[in-house]
There are 2 protein chains.
Amino acid sequence: MASITEVARLAGVSVATASRVIGATDYPVSPATRQRVLDAALALDYVPNALARGLLKSQLAIVGVIVHDITDPYFSEVVRGVEDAAAPGEYLVITCSSDRDPERENAHVRLLRSMRAAAVIFAGSGMDDPEHNAQLGRHIDEIRANGAAVVHLSPHAFGVPEVGVDNAAGIAAMVAALARLGHRQIAFLAGPPSLYVARERLAGYRRGLAAVGIVANEDIIRHSTFDRGGGSRGVDELLAGGAEFTAICCANDLLALGVLERLAELGIPVSERMSVAGFDDISVASMTAPALSTVRLPLRELGRRGFEYAVRQLNDEPVTAELLPTEVVLRDSTGVPGRVLAATKGIA
Amino acid sequence: MASITEVARLAGVSVATASRVIGATDYPVSPATRQRVLDAALALDYVPNALARGLLKSQLAIVGVIVHDITDPYFSEVVRGVEDAAAPGEYLVITCSSDRDPERENAHVRLLRSMRAAAVIFAGSGMDDPEHNAQLGRHIDEIRANGAAVVHLSPHAFGVPEVGVDNAAGIAAMVAALARLGHRQIAFLAGPPSLYVARERLAGYRRGLAAVGIVANEDIIRHSTFDRGGGSRGVDELLAGGAEFTAICCANDLLALGVLERLAELGIPVSERMSVAGFDDISVASMTAPALSTVRLPLRELGRRGFEYAVRQLNDEPVTAELLPTEVVLRDSTGVPGRVLAATKGIA
DNA sequence: CTGAAAGCGCTTACAG
DNA sequence: CTGAAAGCGCTTACAG
């Protein structure tokens, strides 16, 4: 691969001059000289060595995105947003699936530091794990001290996300929608208790209930993993619990998908006998049968804004945390409990 | 961030010695000295500068994966496989969503070259676009000349994938399965004609038909985009065509998902009146209603093997192209045409 | 407007 | 076993 030295030689100028036209700075170079350098670069198919440049600036034009799992539609959507925002500035994006494993997350962040990534975006929620957070905090301090940006898109150990979503308000809005349909006994599948985002959503559920004057029944609130399996198991636990409920509100869509599956296996018709609501509005949500009612999160936008926030930080521009709006999307998995129940009886 | 110079100073050794213990080479260093360097590195939270190292080797421990769209489950699954295989060797993976746009693809590959990526994996199929391929070919030559690896996971302009899947055999197997169910009029949604992988799959369809002695009816073969919209439009085109068919075989799952949606809108029951088959077995395939019959591709394994192939190339180990097995998975979207048709008539 | 030179943080012959 | 020094490919004061 041709280096700038060869370009300079071919153009008959010094490397300093070559660097000034390649670097596209506003440093004055005579038009004739500039053209000769450009011609030489083209002739040699010159591609600047980003490593050399990065070594000098102690920064590479890459942004790392730490996700739980890139195959989880929530995260791939966020990553796509980051990619889209990063492309114009010629940043490349590195994805790191951590599986919420502190070891993996640390290893990735360390590698990102070693490559002097310009920014690290934590797409997923933090976990309540003091030891891990201490280590993570040290990494983050070093990254920032090095002039790179750190952005969180979900609640984490060190506070509020720089760019996020109002999880509590979103869930509360769904609870309100369910209540408006007539539901009073709304179960909640809460996700992992150690995840800050799950805690926010649980708080939103309680707040939503309180807002419509319903007393929370702890027997129909279940913690779970944040995947389909958790939803499926949640249904079994709820049913085994014996308490009555006409709707299951889930802390994310993956749980709701598992609930839908399990309910189908059990022969319990949705929404006739049971309403089911998700949260996130991942792309599959509209493709299930019945189509899932959920709360739409502007996932791609979240990624995009997250990157833009990072760039502003890099440029020392003023930044303020922002909260993106959520929206309740009622599809076919939710319905009126009373009326539909009657219809079911009629059939049976 | 501490540099190796500071580590050396703190340990009271030369940078050469420090480098030798940090670099974990087998170069002999006395145990006592080694320990002092290790202690110093730990005390300073030393993270080696990958850019300096990369500048020397003209190679960074990153692997770029060019995908069509990271939010497409096919690709996120492949990327996850690459990530999993890359983690032990401390490689980071860069994802590039090109949207099958030559400009974007070129820009990404160029950036990957500028960062001296150790490997570039083309996850998606090549396109029949001579101008673009010429440019791409130049990039690939340069990358390889630079000692980096290039791997294709799907057919491309320059030949067969280094690690791939037998698309034609896979589709042919599905056609055989459909024929075994009794279908004789099997429509085919073929995807974009310019995509090499789509051509392979179309060839597989023809071969599968021939194998069971069915003469292909060109009226029920339609090209399309490779997304849900293409499937939906395909149904309309097929229906408008007037030719009879009892099954729709799709060149990928996304098309099949669109077919399922459109058929549901039209009130045509699957599989009672129409059998639908996909290809890829992306995770959603098992979650649709009815669950999609499809051909399973070992997507994650494809990514994993692709990376391993790249590593072997980097180490100058002997490599041979490999084809991963596919498997027909019959779920609920396919059924016997005759029998079910009769049942439908009985109801109607 | 142009160029010579220092230096970013490493690794690796080379010498001892 | 240890260290001094060159050099990877750039950018950027500094001098002219």
# chains A, B, ... in the order shown; residues from 1 in each chain; ligands from 1
>>> select_by_dssp(residues="segment 3-161 of chain A", states="helix (DSSP H, G or I)", output="compact mmCIF listing (two decimals) with N, CA and C atoms, in the first residue's frame")
# COMPACT_ATOMS: atom_id res chain seq x y z
N ILE A 4 2.23 8.11 2.23
CA ILE A 4 2.24 9.51 1.84
C ILE A 4 3.61 9.92 1.30
N THR A 5 4.63 9.22 1.72
CA THR A 5 5.97 9.49 1.23
C THR A 5 6.04 9.25 -0.28
N GLU A 6 5.42 8.15 -0.70
CA GLU A 6 5.43 7.84 -2.13
C GLU A 6 4.59 8.82 -2.92
N VAL A 7 3.48 9.22 -2.33
CA VAL A 7 2.64 10.21 -2.99
C VAL A 7 3.43 11.51 -3.17
N ALA A 8 4.13 11.90 -2.11
CA ALA A 8 4.91 13.14 -2.14
C ALA A 8 6.00 13.05 -3.21
N ARG A 9 6.66 11.93 -3.23
CA ARG A 9 7.74 11.74 -4.19
C ARG A 9 7.19 11.85 -5.62
N LEU A 10 6.10 11.12 -5.87
CA LEU A 10 5.52 11.13 -7.21
C LEU A 10 5.07 12.54 -7.61
N ALA A 11 4.59 13.28 -6.63
CA ALA A 11 4.10 14.64 -6.92
C ALA A 11 5.25 15.65 -6.93
N VAL A 15 6.58 15.65 2.09
CA VAL A 15 5.46 14.95 2.71
C VAL A 15 4.58 15.94 3.46
N ALA A 16 5.18 17.00 3.96
CA ALA A 16 4.39 18.00 4.67
C ALA A 16 3.32 18.57 3.75
N THR A 17 3.74 18.94 2.56
CA THR A 17 2.80 19.50 1.60
C THR A 17 1.75 18.46 1.20
N ALA A 18 2.22 17.26 0.94
CA ALA A 18 1.28 16.20 0.56
C ALA A 18 0.26 16.02 1.67
N SER A 19 0.74 15.96 2.89
CA SER A 19 -0.16 15.78 4.03
C SER A 19 -1.20 16.90 4.08
N ARG A 20 -0.75 18.12 3.75
CA ARG A 20 -1.69 19.24 3.84
C ARG A 20 -2.79 19.17 2.80
N VAL A 21 -2.51 18.63 1.63
CA VAL A 21 -3.63 18.55 0.69
C VAL A 21 -4.48 17.30 0.96
N ILE A 22 -3.84 16.20 1.34
CA ILE A 22 -4.60 14.98 1.64
C ILE A 22 -5.51 15.20 2.85
N PRO A 31 -2.72 26.03 -5.97
CA PRO A 31 -3.62 25.16 -6.74
C PRO A 31 -2.86 24.13 -7.58
N ALA A 32 -1.78 24.56 -8.22
CA ALA A 32 -1.02 23.66 -9.09
C ALA A 32 -0.43 22.51 -8.27
N THR A 33 0.19 22.84 -7.15
CA THR A 33 0.78 21.82 -6.28
C THR A 33 -0.30 20.87 -5.78
N ARG A 34 -1.38 21.47 -5.32
CA ARG A 34 -2.50 20.66 -4.82
C ARG A 34 -2.92 19.62 -5.86
N GLN A 35 -3.06 20.08 -7.08
CA GLN A 35 -3.52 19.18 -8.13
C GLN A 35 -2.53 18.04 -8.36
N ARG A 36 -1.23 18.36 -8.30
CA ARG A 36 -0.24 17.32 -8.54
C ARG A 36 -0.31 16.26 -7.44
N VAL A 37 -0.53 16.71 -6.22
CA VAL A 37 -0.64 15.76 -5.11
C VAL A 37 -1.88 14.88 -5.29
N LEU A 38 -2.98 15.53 -5.63
CA LEU A 38 -4.22 14.78 -5.83
C LEU A 38 -4.05 13.73 -6.94
N ASP A 39 -3.39 14.14 -8.02
CA ASP A 39 -3.17 13.21 -9.13
C ASP A 39 -2.32 12.02 -8.68
N ALA A 40 -1.29 12.33 -7.93
CA ALA A 40 -0.39 11.27 -7.47
C ALA A 40 -1.15 10.30 -6.56
N ALA A 41 -1.96 10.85 -5.66
CA ALA A 41 -2.72 10.01 -4.73
C ALA A 41 -3.65 9.09 -5.50
N LEU A 42 -4.28 9.64 -6.51
CA LEU A 42 -5.20 8.86 -7.32
C LEU A 42 -4.45 7.75 -8.06
N ALA A 43 -3.33 8.14 -8.65
CA ALA A 43 -2.55 7.18 -9.44
C ALA A 43 -2.08 6.01 -8.58
N ALA A 50 -4.89 5.19 8.74
CA ALA A 50 -5.63 5.73 9.89
C ALA A 50 -4.90 5.45 11.20
N LEU A 51 -4.05 4.43 11.19
CA LEU A 51 -3.34 4.07 12.40
C LEU A 51 -2.28 5.12 12.73
N ALA A 52 -1.60 5.56 11.71
CA ALA A 52 -0.57 6.58 11.92
C ALA A 52 -1.23 7.88 12.39
N ARG A 53 -2.29 8.23 11.72
CA ARG A 53 -3.01 9.44 12.10
C ARG A 53 -3.56 9.31 13.51
N GLY A 54 -4.11 8.14 13.79
CA GLY A 54 -4.69 7.90 15.10
C GLY A 54 -3.65 7.93 16.21
N LEU A 55 -2.49 7.43 15.91
CA LEU A 55 -1.42 7.41 16.91
C LEU A 55 -1.07 8.83 17.34
N LEU A 56 -1.07 9.71 16.36
CA LEU A 56 -0.76 11.11 16.63
C LEU A 56 -1.84 11.80 17.47
N LYS A 57 -3.09 11.55 17.11
CA LYS A 57 -4.21 12.21 17.80
C LYS A 57 -4.65 11.41 19.02
N PRO A 73 -33.31 -7.86 18.38
CA PRO A 73 -33.74 -6.79 17.48
C PRO A 73 -33.68 -5.39 18.11
N TYR A 74 -33.84 -5.33 19.40
CA TYR A 74 -33.74 -4.04 20.09
C TYR A 74 -32.38 -3.43 19.80
N PHE A 75 -31.35 -4.24 19.97
CA PHE A 75 -30.00 -3.73 19.83
C PHE A 75 -29.54 -3.55 18.39
N SER A 76 -29.97 -4.45 17.52
CA SER A 76 -29.53 -4.28 16.14
C SER A 76 -30.13 -2.99 15.56
N GLU A 77 -31.31 -2.64 16.04
CA GLU A 77 -31.93 -1.41 15.58
C GLU A 77 -31.15 -0.19 16.08
N VAL A 78 -30.75 -0.24 17.32
CA VAL A 78 -29.96 0.86 17.88
C VAL A 78 -28.63 0.99 17.14
N VAL A 79 -28.01 -0.15 16.91
CA VAL A 79 -26.72 -0.15 16.21
C VAL A 79 -26.86 0.46 14.82
N ARG A 80 -27.97 0.12 14.16
CA ARG A 80 -28.18 0.67 12.83
C ARG A 80 -28.28 2.20 12.89
N GLY A 81 -28.92 2.70 13.92
CA GLY A 81 -29.01 4.14 14.09
C GLY A 81 -27.63 4.76 14.26
N VAL A 82 -26.80 4.10 15.06
CA VAL A 82 -25.44 4.60 15.26
C VAL A 82 -24.69 4.59 13.93
N GLU A 83 -24.82 3.48 13.20
CA GLU A 83 -24.15 3.37 11.91
C GLU A 83 -24.55 4.51 10.97
N ASP A 84 -25.85 4.75 10.91
CA ASP A 84 -26.34 5.77 9.99
C ASP A 84 -25.79 7.16 10.35
N ALA A 85 -25.73 7.43 11.63
CA ALA A 85 -25.23 8.74 12.04
C ALA A 85 -23.71 8.82 11.88
N ALA A 86 -23.05 7.67 11.98
CA ALA A 86 -21.59 7.65 11.94
C ALA A 86 -21.04 7.73 10.52
N PRO A 102 -20.15 -9.36 32.76
CA PRO A 102 -19.17 -8.33 33.13
C PRO A 102 -17.78 -8.57 32.52
N GLU A 103 -17.36 -9.83 32.50
CA GLU A 103 -16.05 -10.16 31.94
C GLU A 103 -15.95 -9.72 30.49
N ARG A 104 -16.97 -10.13 29.73
CA ARG A 104 -16.96 -9.80 28.30
C ARG A 104 -17.04 -8.30 28.10
N GLU A 105 -17.88 -7.66 28.88
CA GLU A 105 -18.03 -6.21 28.73
C GLU A 105 -16.70 -5.51 29.02
N ASN A 106 -16.06 -5.91 30.09
CA ASN A 106 -14.76 -5.33 30.43
C ASN A 106 -13.73 -5.57 29.35
N ALA A 107 -13.70 -6.79 28.85
CA ALA A 107 -12.73 -7.13 27.82
C ALA A 107 -12.94 -6.24 26.60
N HIS A 108 -14.19 -6.06 26.23
CA HIS A 108 -14.50 -5.23 25.07
C HIS A 108 -14.10 -3.78 25.28
N VAL A 109 -14.45 -3.26 26.43
CA VAL A 109 -14.15 -1.86 26.70
C VAL A 109 -12.63 -1.64 26.72
N ARG A 110 -11.94 -2.62 27.26
CA ARG A 110 -10.49 -2.54 27.31
C ARG A 110 -9.90 -2.51 25.89
N LEU A 111 -10.42 -3.36 25.06
CA LEU A 111 -9.97 -3.41 23.67
C LEU A 111 -10.27 -2.08 22.96
N LEU A 112 -11.43 -1.56 23.25
CA LEU A 112 -11.83 -0.29 22.65
C LEU A 112 -10.87 0.82 23.11
N ARG A 113 -10.47 0.75 24.36
CA ARG A 113 -9.50 1.72 24.88
C ARG A 113 -8.17 1.55 24.15
N SER A 114 -7.78 0.29 23.99
CA SER A 114 -6.48 0.04 23.36
C SER A 114 -6.45 0.59 21.94
N PRO A 130 -21.74 -4.07 42.03
CA PRO A 130 -20.77 -3.07 42.51
C PRO A 130 -19.35 -3.28 42.01
N GLU A 131 -18.90 -4.51 42.06
CA GLU A 131 -17.52 -4.79 41.66
C GLU A 131 -17.31 -4.46 40.18
N HIS A 132 -18.22 -4.96 39.38
CA HIS A 132 -18.14 -4.71 37.95
C HIS A 132 -18.24 -3.22 37.65
N ASN A 133 -19.14 -2.55 38.32
CA ASN A 133 -19.32 -1.13 38.07
C ASN A 133 -18.10 -0.30 38.46
N ALA A 134 -17.41 -0.74 39.48
CA ALA A 134 -16.19 -0.04 39.89
C ALA A 134 -15.16 -0.11 38.76
N GLN A 135 -15.00 -1.31 38.24
CA GLN A 135 -14.06 -1.52 37.14
C GLN A 135 -14.47 -0.72 35.91
N LEU A 136 -15.76 -0.77 35.63
CA LEU A 136 -16.30 -0.06 34.48
C LEU A 136 -16.09 1.45 34.65
N GLY A 137 -16.30 1.91 35.86
CA GLY A 137 -16.13 3.33 36.14
C GLY A 137 -14.71 3.78 35.87
N ARG A 138 -13.77 2.94 36.22
CA ARG A 138 -12.36 3.27 35.97
C ARG A 138 -12.10 3.39 34.47
N HIS A 139 -12.62 2.42 33.73
CA HIS A 139 -12.48 2.46 32.27
C HIS A 139 -13.05 3.76 31.71
N ILE A 140 -14.26 4.07 32.15
CA ILE A 140 -14.94 5.25 31.63
C ILE A 140 -14.17 6.53 31.94
N ASP A 141 -13.63 6.60 33.14
CA ASP A 141 -12.84 7.79 33.50
C ASP A 141 -11.63 7.91 32.57
N GLU A 142 -10.98 6.78 32.32
CA GLU A 142 -9.80 6.80 31.46
C GLU A 142 -10.17 7.22 30.03
N ILE A 143 -11.28 6.68 29.57
CA ILE A 143 -11.71 7.00 28.20
C ILE A 143 -11.96 8.50 28.08
N ARG A 144 -12.66 9.03 29.04
CA ARG A 144 -12.97 10.47 29.00
C ARG A 144 -11.71 11.30 29.18
N ALA A 145 -10.83 10.84 30.06
CA ALA A 145 -9.59 11.58 30.31
C ALA A 145 -8.78 11.65 29.01
>>> residues_around(residues="Ala243 of chain A", least_positions_apart="2", cutoff="10 Å", atoms="only C-alpha atoms (C1' of nucleotides)", output="ChimeraX atom specification")
/A:185,187,217-220,238-241,245
>>> interface_residues(of="chain C", to="chain B", cutoff="10 Å", atoms="only C-alpha atoms (C1' of nucleotides)", output="number ranges by chain")
C: 8-12
>>> select_by_dssp(residues="segment 131-209 of chain A", states="strand (DSSP E)", output="list of chain:residue names")
A:Ala149, A:Val150, A:Val151, A:His152, A:Val163, A:Gly164, A:Val165, A:Ile186, A:Ala187, A:Phe188, A:Leu189
>>> write_last_selection(atoms="N, CA and C atoms", output="compact mmCIF listing (two decimals), in the first residue's frame")
# COMPACT_ATOMS: atom_id res chain seq x y z
N ALA A 149 -15.42 10.13 23.96
CA ALA A 149 -16.77 10.32 24.50
C ALA A 149 -17.37 9.02 25.02
N VAL A 150 -18.18 9.13 26.03
CA VAL A 150 -18.92 7.98 26.56
C VAL A 150 -20.39 8.38 26.64
N VAL A 151 -21.22 7.54 26.09
CA VAL A 151 -22.66 7.83 26.09
C VAL A 151 -23.43 6.59 26.53
N HIS A 152 -24.41 6.79 27.36
CA HIS A 152 -25.30 5.70 27.78
C HIS A 152 -26.68 5.93 27.18
N VAL A 163 -28.62 10.07 26.47
CA VAL A 163 -29.74 10.07 25.52
C VAL A 163 -30.57 8.83 25.87
N GLY A 164 -31.81 9.07 26.21
CA GLY A 164 -32.61 7.93 26.64
C GLY A 164 -34.07 8.09 26.35
N VAL A 165 -34.81 7.34 27.10
CA VAL A 165 -36.24 7.22 26.90
C VAL A 165 -36.84 7.19 28.29
N ILE A 186 -53.95 -6.38 36.41
CA ILE A 186 -52.91 -6.40 35.38
C ILE A 186 -51.63 -6.99 35.95
N ALA A 187 -51.26 -8.16 35.47
CA ALA A 187 -50.02 -8.78 35.93
C ALA A 187 -48.84 -8.08 35.27
N PHE A 188 -47.66 -8.23 35.90
CA PHE A 188 -46.47 -7.58 35.32
C PHE A 188 -45.29 -8.53 35.33
N LEU A 189 -44.69 -8.71 34.15
CA LEU A 189 -43.47 -9.49 34.02
C LEU A 189 -42.33 -8.48 33.96
>>> atom_distance(atom1="atom CA of Ala2 of chain A", atom2="atom CA of Glu90 of chain B")
28.0 Å
>>> atom_distance(atom1="atom CA of Leu292 of chain B", atom2="atom CA of Ala123 of chain B")
23.8 Å
>>> closest_residue(among="B:Val329, B:Leu60, B:Met274, B:Gly335", to="Arg116 of chain A", atoms="only C-alpha atoms")
B:Leu60
>>> residues_around(residues="Glu322 of chain A", least_positions_apart="4", cutoff="10 Å", atoms="only C-alpha atoms (C1' of nucleotides)", output="list of chain:residue names")
A:Leu153, A:Val160, A:Pro161, A:Glu162, A:Val163, A:Gly164, A:Val165, A:Asp166, A:Leu302, A:Arg305, A:Gly306, A:Tyr309
>>> write_last_selection(atoms="C-alpha atoms", output="PDB file, in the first residue's frame")
ATOM      1  CA  LEU A 153     -28.628   4.990  26.148  1.00  0.00           C
ATOM      2  CA  VAL A 160     -29.183   8.878  33.978  1.00  0.00           C
ATOM      3  CA  PRO A 161     -28.556   8.166  30.269  1.00  0.00           C
ATOM      4  CA  GLU A 162     -27.197  11.009  28.172  1.00  0.00           C
ATOM      5  CA  VAL A 163     -29.738  10.068  25.523  1.00  0.00           C
ATOM      6  CA  GLY A 164     -32.608   7.930  26.641  1.00  0.00           C
ATOM      7  CA  VAL A 165     -36.236   7.220  26.896  1.00  0.00           C
ATOM      8  CA  ASP A 166     -38.659   7.675  29.768  1.00  0.00           C
ATOM      9  CA  LEU A 302     -31.812   6.535  19.965  1.00  0.00           C
ATOM     10  CA  ARG A 305     -28.868  10.700  18.706  1.00  0.00           C
ATOM     11  CA  GLY A 306     -26.449   8.807  20.885  1.00  0.00           C
ATOM     12  CA  TYR A 309     -24.246  13.398  21.360  1.00  0.00           C
TER      13      TYR A 309
END
>>> residues_around(residues="Thr334 of chain B", least_positions_apart="5", cutoff="12 Å", atoms="only C-alpha atoms (C1' of nucleotides)", output="JSON, numbers by chain")
{"B": [174, 175, 177, 178, 179, 180, 181, 182, 183, 186, 246, 247, 248, 249, 256, 260, 269, 270, 271, 272, 273, 274, 275, 276, 277, 278, 289, 290, 291, 292, 293, 294, 328, 329, 340]}
>>> write_last_selection(atoms="N, CA and C atoms", output="compact mmCIF listing (two decimals), in the first residue's frame")
# COMPACT_ATOMS: atom_id res chain seq x y z
N MET B 174 -36.19 -28.29 -0.51
CA MET B 174 -37.51 -27.79 -0.13
C MET B 174 -38.54 -28.10 -1.21
N VAL B 175 -38.14 -27.93 -2.46
CA VAL B 175 -39.06 -28.25 -3.56
C VAL B 175 -39.42 -29.74 -3.49
N ALA B 177 -39.51 -31.58 -0.83
CA ALA B 177 -40.41 -31.76 0.31
C ALA B 177 -41.83 -31.35 -0.05
N LEU B 178 -41.94 -30.25 -0.78
CA LEU B 178 -43.25 -29.76 -1.22
C LEU B 178 -43.89 -30.78 -2.16
N ALA B 179 -43.08 -31.31 -3.06
CA ALA B 179 -43.59 -32.30 -4.02
C ALA B 179 -44.05 -33.55 -3.28
N ARG B 180 -43.31 -33.90 -2.24
CA ARG B 180 -43.67 -35.07 -1.45
C ARG B 180 -45.03 -34.89 -0.77
N LEU B 181 -45.33 -33.62 -0.44
CA LEU B 181 -46.63 -33.32 0.17
C LEU B 181 -47.74 -33.39 -0.88
N GLY B 182 -47.34 -33.44 -2.15
CA GLY B 182 -48.33 -33.55 -3.21
C GLY B 182 -48.43 -32.34 -4.12
N HIS B 183 -47.63 -31.31 -3.85
CA HIS B 183 -47.70 -30.11 -4.68
C HIS B 183 -47.06 -30.35 -6.05
N ILE B 186 -45.91 -25.23 -7.98
CA ILE B 186 -45.18 -24.53 -6.93
C ILE B 186 -44.63 -23.21 -7.47
N THR B 246 -50.40 -24.13 -5.81
CA THR B 246 -50.87 -24.52 -4.48
C THR B 246 -49.83 -24.23 -3.40
N ALA B 247 -48.66 -23.78 -3.84
CA ALA B 247 -47.61 -23.48 -2.87
C ALA B 247 -46.77 -22.31 -3.39
N ILE B 248 -46.24 -21.54 -2.46
CA ILE B 248 -45.31 -20.48 -2.82
C ILE B 248 -44.00 -20.76 -2.10
N CYS B 249 -42.99 -20.99 -2.89
CA CYS B 249 -41.67 -21.25 -2.34
C CYS B 249 -40.88 -19.94 -2.46
N ALA B 256 -41.13 -14.74 2.56
CA ALA B 256 -42.18 -15.62 3.07
C ALA B 256 -43.03 -14.92 4.12
N LEU B 260 -47.00 -14.38 3.94
CA LEU B 260 -47.92 -14.74 5.03
C LEU B 260 -48.82 -13.56 5.39
N PRO B 269 -56.37 -18.90 3.73
CA PRO B 269 -55.79 -19.65 4.85
C PRO B 269 -54.54 -20.46 4.47
N VAL B 270 -53.50 -20.27 5.31
CA VAL B 270 -52.24 -21.03 5.17
C VAL B 270 -52.28 -22.07 6.28
N SER B 271 -51.98 -23.31 6.05
CA SER B 271 -51.65 -23.97 4.80
C SER B 271 -52.86 -24.60 4.11
N GLU B 272 -54.06 -24.41 4.65
CA GLU B 272 -55.25 -25.06 4.07
C GLU B 272 -55.38 -24.81 2.57
N ARG B 273 -55.27 -23.56 2.18
CA ARG B 273 -55.46 -23.26 0.76
C ARG B 273 -54.14 -23.01 0.06
N MET B 274 -53.15 -22.58 0.83
CA MET B 274 -51.86 -22.25 0.20
C MET B 274 -50.72 -22.62 1.14
N SER B 275 -49.77 -23.35 0.62
CA SER B 275 -48.57 -23.66 1.40
C SER B 275 -47.53 -22.59 1.13
N VAL B 276 -46.77 -22.25 2.16
CA VAL B 276 -45.75 -21.22 2.03
C VAL B 276 -44.45 -21.72 2.64
N ALA B 277 -43.37 -21.57 1.90
CA ALA B 277 -42.07 -22.00 2.41
C ALA B 277 -41.06 -20.87 2.31
N GLY B 278 -40.23 -20.77 3.31
CA GLY B 278 -39.19 -19.74 3.31
C GLY B 278 -37.82 -20.36 3.10
N ALA B 289 -47.51 -16.93 12.60
CA ALA B 289 -48.68 -17.78 12.70
C ALA B 289 -49.26 -17.91 11.30
N PRO B 290 -49.25 -19.07 10.71
CA PRO B 290 -48.63 -20.29 11.24
C PRO B 290 -47.10 -20.23 11.16
N ALA B 291 -46.47 -21.06 11.98
CA ALA B 291 -45.00 -21.10 11.99
C ALA B 291 -44.51 -21.49 10.60
N LEU B 292 -43.47 -20.83 10.18
CA LEU B 292 -42.98 -20.97 8.81
C LEU B 292 -42.13 -22.21 8.55
N SER B 293 -42.49 -22.93 7.53
CA SER B 293 -41.64 -24.03 7.05
C SER B 293 -40.52 -23.37 6.26
N THR B 294 -39.32 -23.84 6.46
CA THR B 294 -38.19 -23.15 5.81
C THR B 294 -36.99 -24.08 5.72
N VAL B 328 -34.06 -28.97 5.75
CA VAL B 328 -35.46 -28.58 5.58
C VAL B 328 -36.17 -28.70 6.92
N VAL B 329 -36.88 -27.65 7.31
CA VAL B 329 -37.63 -27.66 8.57
C VAL B 329 -39.10 -27.43 8.23
N VAL B 340 -56.35 -31.03 2.21
CA VAL B 340 -56.75 -29.80 2.90
C VAL B 340 -57.74 -29.01 2.06
